[in-house]
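Data first, discussion second: the structure below is written as structure tokens.
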Amino acid sequence: VLLNGSERQILYAISHDADDRALLQLGQTPLAARVRGDFLAARQQPSIERFDIARARLRAAEKSKGAPLLQQLANPWNESLEITGKPNAIELRMLGNEYESAAFLLTNSNNDVATFRIEHDHTALEFRDVQRVRALSTGRLTEDLLPKLAQGELITLQPGEQRKLWLIANSHGLAAGTHTKTLRIGALESTSVPKSVIVTLHVSRARLPEQFTYKQCHWFYPANIADDRAREAAIADALAHGTNVIPLPSASHARHDALVQRLKGRVILLAARPKPEEVSAYAAKMKSLGVDYKDWAYYVLDEPGLMGKDAAFHQWVVDVTAIKHADPNVRIYANPAGGAKPEMLEPVKHLIDIWQPDRHLVLGDTAAYAKIFGEKTYWHYEAPADQRNLDPLGFYRMKPWVAFQMGMTGGGYWVHSYSPYWFFDRTFATEYGAVYMTAEGPVTTKRWEASRDGAEDFELLWQLRGSKLVDDAVAFVTKDQELATDISRQVSPFAPDYTKWMDYRGKLIAALEAKQ
């Protein structure tokens, strides 16, 4: 419903009366003071978003009676605080071997600072904080980081503070059926009995394949991580998030062989550009390490054709021709972008085995590029800058749906990790990177979790491909994605209604149950 200015004022006035009555009933507690502050800020700079958040906090405050209160949020991915379900309860529906996220609001209704402990003994549950960063493109604070709670699962809240927290559930080790787990939440400073919270996981008998059809390339370079512990942590995290295309360093690099041994059978390896005389020797080396031709490909040049038909493009054509001549069995990967016109790529299309073009390139002339890319393994990527400003659902979870809609079996984006964006720094021109690196390994983000969910969604779609349900779901979810550009993504979320999206996902899971 679209309202003009006077209609909005009337609506706000009516709702103010109800809000004011509720605020009066809260009394003079620190929680009441904080909620009143939210409303004061919303009234000084009126916006639907501000009032929605203030009212959500008010509803939470009304239900809090001195004990810690946990309330699940309807959509964990946006910054809304719309409540769903019963107080002190979390509920998730999952496939038999996937990860799912939930967010909840924890309220400290005490008059003092309180350090709460979330006590649980189940390996399927992982609790994280939700931290904001200041995006470079907008200067606006946005939810992004999901660090683990402090050691001991501790979270400190000021009097009256309400904090959004995150839960990642893992069903890989759970049998099909309903699993009910009890958490205990209590303050270290309190003598009261901790509050019980029920976590219910509905685990489907439908399962995803152990090896995904969808191939995710995020240009994750483990060879560049010097510390052994941090490198292993990053590899384990990337594999758990569906990354299954990983570039290798040159054959002479000290970590080359160890990385091949660690990753073989799990991912497609992208080998560095060889000299023509080294092609056969490298293929033999990979075979000796237990890697077949189908499990690796040469990555000869990044973004061939980016600047059009220049010297670098001509050299790339020479190189891929020489590689195929030296050993016709080796595969070659290419990610053309920018000025790589169809007529430029036509002469070499029979030499390339894996295409991962920039999505914007394909949209420029879909039919012409389809004749080149569609005959081989076909993925896509995007590299919009200022990615912390992108919607986790509309970009990160969306990418595999777009790939499916375009007839592709893979996708990705630049990049897994890039500059250390722990602090706001105006000298950085762009803010690429889905995770934040530390000495112990990566810290996940809402965007990284959404990326994993998208890969899992693709496998659900793939197993049911050809059905009307899949066609309807993909049409709904990907609507208007053909309009999305690097610039427009910064001003529009390009995300469909979350409730309807998840309703489609529930129907897809039910259909897969019936099929399996």
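Convention: chains lettered A, B, ... in structure tokens order; per-chain residue numbering from 1; ligands numbered from 1 as shown.
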Report the closest atom pair, with its distance in Å rounded to one decimal, for each residue of range 96-131 of chain A that has an atom no farther than 7 Å from range 159-170 of chain A; count only C-alpha atoms, sort by chain and then rising residue number, and write it as a tab-separated table.
residue	atom	partner	partner_atom	distance
A:Glu98	CA	A:Asn170	CA	6.1
A:Tyr99	CA	A:Asn170	CA	4.7
A:Glu100	CA	A:Ala169	CA	5.3
A:Ser101	CA	A:Ile168	CA	4.6
A:Ala102	CA	A:Leu167	CA	5.1
A:Ala103	CA	A:Trp166	CA	4.4
A:Phe104	CA	A:Leu165	CA	5.4
A:Leu105	CA	A:Lys164	CA	4.6
A:Leu106	CA	A:Arg163	CA	5.3
A:Thr107	CA	A:Gln162	CA	4.4
A:Asn108	CA	A:Gly160	CA	5.2
A:Ser109	CA	A:Gly160	CA	5.0
A:Asn110	CA	A:Pro159	CA	5.7
A:Asn111	CA	A:Pro159	CA	5.1
A:Asp112	CA	A:Pro159	CA	5.0
A:Val113	CA	A:Pro159	CA	5.2
A:Ala124	CA	A:Asn170	CA	4.7
A:Leu125	CA	A:Ala169	CA	4.8
A:Glu126	CA	A:Ile168	CA	5.2
A:Phe127	CA	A:Leu167	CA	4.7
A:Arg128	CA	A:Trp166	CA	4.9
A:Asp129	CA	A:Leu165	CA	4.9
A:Val130	CA	A:Leu165	CA	5.5
Inset, instruction - Would you list the contacts of Leu469 in chain A as a count of residues only, taking every protein, DNA or RNA residue within 9 Å and counting only C-alpha atoms, but skipping same-chain residues closer than 6 positions in sequence? - result: 4
Inset, instruction - Just list the residues in range 291-341 of chain A DSSP gives strand (DSSP E) on the backbone, as JSON, numbers by chain. - result: {"A": [296, 297, 298, 299, 332, 333, 334]}
Keeping N, CA, C and O atoms, export the residues of the selection given above as a PDB file, in the first residue's frame.
ATOM      1  N   TRP A 296      41.202 -31.232 -12.850  1.00  0.00           N
ATOM      2  CA  TRP A 296      41.981 -30.006 -12.858  1.00  0.00           C
ATOM      3  C   TRP A 296      41.944 -29.371 -14.246  1.00  0.00           C
ATOM      4  O   TRP A 296      41.567 -30.014 -15.224  1.00  0.00           O
ATOM      5  N   ALA A 297      42.322 -28.108 -14.314  1.00  0.00           N
ATOM      6  CA  ALA A 297      42.367 -27.385 -15.589  1.00  0.00           C
ATOM      7  C   ALA A 297      43.395 -26.268 -15.482  1.00  0.00           C
ATOM      8  O   ALA A 297      43.695 -25.778 -14.387  1.00  0.00           O
ATOM      9  N   TYR A 298      43.936 -25.863 -16.624  1.00  0.00           N
ATOM     10  CA  TYR A 298      44.884 -24.753 -16.650  1.00  0.00           C
ATOM     11  C   TYR A 298      44.136 -23.422 -16.619  1.00  0.00           C
ATOM     12  O   TYR A 298      43.165 -23.219 -17.348  1.00  0.00           O
ATOM     13  N   TYR A 299      44.608 -22.523 -15.768  1.00  0.00           N
ATOM     14  CA  TYR A 299      44.073 -21.162 -15.652  1.00  0.00           C
ATOM     15  C   TYR A 299      45.153 -20.269 -16.255  1.00  0.00           C
ATOM     16  O   TYR A 299      46.074 -19.829 -15.576  1.00  0.00           O
ATOM     17  N   ILE A 332      41.255 -26.593 -20.094  1.00  0.00           N
ATOM     18  CA  ILE A 332      41.607 -25.181 -19.940  1.00  0.00           C
ATOM     19  C   ILE A 332      40.378 -24.428 -19.439  1.00  0.00           C
ATOM     20  O   ILE A 332      39.262 -24.605 -19.929  1.00  0.00           O
ATOM     21  N   TYR A 333      40.612 -23.596 -18.441  1.00  0.00           N
ATOM     22  CA  TYR A 333      39.586 -22.754 -17.823  1.00  0.00           C
ATOM     23  C   TYR A 333      39.775 -21.315 -18.294  1.00  0.00           C
ATOM     24  O   TYR A 333      40.909 -20.848 -18.452  1.00  0.00           O
ATOM     25  N   ALA A 334      38.659 -20.594 -18.528  1.00  0.00           N
ATOM     26  CA  ALA A 334      38.755 -19.192 -18.930  1.00  0.00           C
ATOM     27  C   ALA A 334      37.589 -18.406 -18.345  1.00  0.00           C
ATOM     28  O   ALA A 334      36.458 -18.898 -18.296  1.00  0.00           O
TER      29      ALA A 334
END
Inset, instruction - If you run DSSP over the backbone, which residues in range 45-111 of chain A end up helix (DSSP H, G or I)? Put them as a list in words. - result: Ile48, Glu49, Arg50, Phe51, Asp52, Ile53, Ala54, Arg55, Ala56, Arg57, Leu58, Arg59, Ala60, Ala61, Glu62 and Lys63 of chain A
Inset, instruction - Kindly indicate which residue among A:Arg93, A:Lys148, A:Lys215, A:Lys275 lies nearest to Val203 in chain A, using only C-alpha atoms for the distances. - result: A:Arg93
Legend entry - Interatomic distance (Å, one decimal) between CA of Pro147 in chain A and CA of His122 in chain A: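 Calculated distance between CA of Pro147 in chain A and CA of His122 in chain A is 18.8 Å.
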Inset, instruction - For range 395-402 of chain A, please output as number ranges by chain all residues within 8 Å (counting only C-alpha atoms; exclusion window: fewer than 3 positions along the same chain). - result: A: 214, 390-392, 405-406, 410-412, 447-448, 450-455, 457-458, 474, 477-478, 481, 493-495
Residues from last step as file, N, CA, C and O atoms, as an mmCIF file, in the first residue's frame:
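Printed below is part.cif as written:
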data_model
loop_
_atom_site.group_PDB
_atom_site.id
_atom_site.type_symbol
_atom_site.label_atom_id
_atom_site.label_comp_id
_atom_site.auth_asym_id
_atom_site.auth_seq_id
_atom_site.Cartn_x
_atom_site.Cartn_y
_atom_site.Cartn_z
ATOM 1 N N TYR A 214 26.856 -28.103 -8.384
ATOM 2 C CA TYR A 214 27.174 -26.679 -8.468
ATOM 3 C C TYR A 214 28.624 -26.434 -8.072
ATOM 4 O O TYR A 214 29.074 -26.846 -7.008
ATOM 5 N N LEU A 390 26.066 -5.085 -0.238
ATOM 6 C CA LEU A 390 25.161 -5.918 -1.027
ATOM 7 C C LEU A 390 24.268 -6.756 -0.123
ATOM 8 O O LEU A 390 24.677 -7.177 0.961
ATOM 9 N N ASP A 391 23.060 -7.005 -0.586
ATOM 10 C CA ASP A 391 22.113 -7.799 0.184
ATOM 11 C C ASP A 391 22.569 -9.259 0.216
ATOM 12 O O ASP A 391 22.835 -9.847 -0.834
ATOM 13 N N PRO A 392 22.663 -9.885 1.408
ATOM 14 C CA PRO A 392 23.102 -11.287 1.469
ATOM 15 C C PRO A 392 22.217 -12.232 0.658
ATOM 16 O O PRO A 392 22.709 -13.182 0.059
ATOM 17 N N GLN A 405 18.937 -20.626 -13.480
ATOM 18 C CA GLN A 405 18.008 -19.997 -14.417
ATOM 19 C C GLN A 405 18.657 -19.801 -15.789
ATOM 20 O O GLN A 405 17.996 -19.873 -16.829
ATOM 21 N N MET A 406 19.977 -19.594 -15.825
ATOM 22 C CA MET A 406 20.685 -19.346 -17.078
ATOM 23 C C MET A 406 21.272 -20.615 -17.684
ATOM 24 O O MET A 406 22.026 -20.552 -18.657
ATOM 25 N N GLY A 410 27.470 -23.680 -12.332
ATOM 26 C CA GLY A 410 28.421 -23.118 -11.373
ATOM 27 C C GLY A 410 28.383 -21.604 -11.404
ATOM 28 O O GLY A 410 27.748 -20.988 -12.257
ATOM 29 N N GLY A 411 29.074 -21.017 -10.444
ATOM 30 C CA GLY A 411 29.130 -19.571 -10.363
ATOM 31 C C GLY A 411 30.076 -19.128 -9.264
ATOM 32 O O GLY A 411 30.798 -19.934 -8.677
ATOM 33 N N GLY A 412 30.042 -17.869 -8.975
ATOM 34 C CA GLY A 412 30.905 -17.345 -7.915
ATOM 35 C C GLY A 412 31.040 -15.850 -8.013
ATOM 36 O O GLY A 412 30.285 -15.173 -8.719
ATOM 37 N N ARG A 447 27.048 -12.695 4.592
ATOM 38 C CA ARG A 447 27.158 -12.916 3.147
ATOM 39 C C ARG A 447 27.746 -14.288 2.835
ATOM 40 O O ARG A 447 27.310 -14.981 1.912
ATOM 41 N N TRP A 448 28.725 -14.710 3.615
ATOM 42 C CA TRP A 448 29.370 -16.016 3.411
ATOM 43 C C TRP A 448 28.391 -17.153 3.738
ATOM 44 O O TRP A 448 28.355 -18.170 3.055
ATOM 45 N N ALA A 450 25.100 -16.896 3.533
ATOM 46 C CA ALA A 450 24.094 -16.882 2.474
ATOM 47 C C ALA A 450 24.625 -17.546 1.212
ATOM 48 O O ALA A 450 23.879 -18.221 0.480
ATOM 49 N N SER A 451 25.917 -17.394 0.949
ATOM 50 C CA SER A 451 26.532 -18.031 -0.207
ATOM 51 C C SER A 451 26.439 -19.555 -0.098
ATOM 52 O O SER A 451 26.130 -20.250 -1.075
ATOM 53 N N ARG A 452 26.711 -20.080 1.091
ATOM 54 C CA ARG A 452 26.599 -21.530 1.295
ATOM 55 C C ARG A 452 25.161 -21.989 1.101
ATOM 56 O O ARG A 452 24.904 -23.024 0.463
ATOM 57 N N ASP A 453 24.200 -21.236 1.648
ATOM 58 C CA ASP A 453 22.796 -21.596 1.490
ATOM 59 C C ASP A 453 22.401 -21.647 0.020
ATOM 60 O O ASP A 453 21.611 -22.497 -0.399
ATOM 61 N N GLY A 454 22.937 -20.726 -0.771
ATOM 62 C CA GLY A 454 22.620 -20.719 -2.196
ATOM 63 C C GLY A 454 23.103 -21.964 -2.902
ATOM 64 O O GLY A 454 22.399 -22.528 -3.760
ATOM 65 N N ALA A 455 24.315 -22.427 -2.569
ATOM 66 C CA ALA A 455 24.839 -23.652 -3.174
ATOM 67 C C ALA A 455 23.973 -24.852 -2.803
ATOM 68 O O ALA A 455 23.710 -25.740 -3.638
ATOM 69 N N ASP A 457 20.788 -24.669 -2.064
ATOM 70 C CA ASP A 457 19.547 -24.490 -2.820
ATOM 71 C C ASP A 457 19.680 -25.042 -4.230
ATOM 72 O O ASP A 457 18.749 -25.674 -4.756
ATOM 73 N N PHE A 458 20.827 -24.792 -4.883
ATOM 74 C CA PHE A 458 21.032 -25.255 -6.253
ATOM 75 C C PHE A 458 20.894 -26.775 -6.332
ATOM 76 O O PHE A 458 20.269 -27.306 -7.264
ATOM 77 N N VAL A 474 12.044 -20.811 -9.427
ATOM 78 C CA VAL A 474 13.153 -20.062 -10.022
ATOM 79 C C VAL A 474 12.647 -18.761 -10.634
ATOM 80 O O VAL A 474 13.293 -17.709 -10.506
ATOM 81 N N VAL A 477 12.012 -16.355 -7.647
ATOM 82 C CA VAL A 477 13.204 -15.908 -6.925
ATOM 83 C C VAL A 477 14.086 -15.004 -7.778
ATOM 84 O O VAL A 477 14.641 -14.017 -7.291
ATOM 85 N N THR A 478 14.223 -15.304 -9.071
ATOM 86 C CA THR A 478 15.169 -14.574 -9.924
ATOM 87 C C THR A 478 14.530 -13.403 -10.661
ATOM 88 O O THR A 478 15.196 -12.769 -11.490
ATOM 89 N N GLN A 481 16.390 -10.089 -11.858
ATOM 90 C CA GLN A 481 17.847 -10.211 -11.762
ATOM 91 C C GLN A 481 18.543 -9.786 -13.053
ATOM 92 O O GLN A 481 19.699 -9.371 -13.025
ATOM 93 N N PRO A 493 18.059 -4.116 -3.178
ATOM 94 C CA PRO A 493 18.474 -5.421 -2.650
ATOM 95 C C PRO A 493 18.300 -6.561 -3.640
ATOM 96 O O PRO A 493 18.967 -7.581 -3.533
ATOM 97 N N PHE A 494 17.398 -6.428 -4.625
ATOM 98 C CA PHE A 494 17.121 -7.490 -5.597
ATOM 99 C C PHE A 494 16.815 -8.815 -4.905
ATOM 100 O O PHE A 494 17.205 -9.881 -5.371
ATOM 101 N N ALA A 495 16.164 -8.739 -3.758
ATOM 102 C CA ALA A 495 15.802 -9.942 -3.007
ATOM 103 C C ALA A 495 14.288 -10.072 -2.961
ATOM 104 O O ALA A 495 13.594 -9.107 -2.621
#
Inset, instruction - Find the spatial neighbours of range 302-305 of chain A, counting only C-alpha atoms, within a cut-off of 6 Å - ignore same-chain residues fewer than 4 positions away - and output them as a VMD selection string. - result: chain A and resid 313 335 to 337 339 to 340
Just C-alpha atoms for this one: save the residues we selected as an mmCIF file, in the first residue's frame.
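This went into part30.cif:
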data_model
loop_
_atom_site.group_PDB
_atom_site.id
_atom_site.type_symbol
_atom_site.label_atom_id
_atom_site.label_comp_id
_atom_site.auth_asym_id
_atom_site.auth_seq_id
_atom_site.Cartn_x
_atom_site.Cartn_y
_atom_site.Cartn_z
ATOM 1 C CA PHE A 313 44.433 -11.406 -25.561
ATOM 2 C CA ASN A 335 36.855 -16.296 -17.351
ATOM 3 C CA PRO A 336 36.402 -13.723 -20.146
ATOM 4 C CA ALA A 337 35.177 -10.258 -19.236
ATOM 5 C CA GLY A 339 35.648 -6.363 -24.077
ATOM 6 C CA ALA A 340 35.677 -10.077 -24.903
#
Inset, instruction - Return the single residue from A:Arg273, A:His202, A:Arg359, A:Arg489 that is closest to Gln315 in chain A, with distances computed using only C-alpha atoms. - result: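 Nearest candidate to Gln315 in chain A out of A:Arg273, A:His202, A:Arg359, A:Arg489: A:Arg273.
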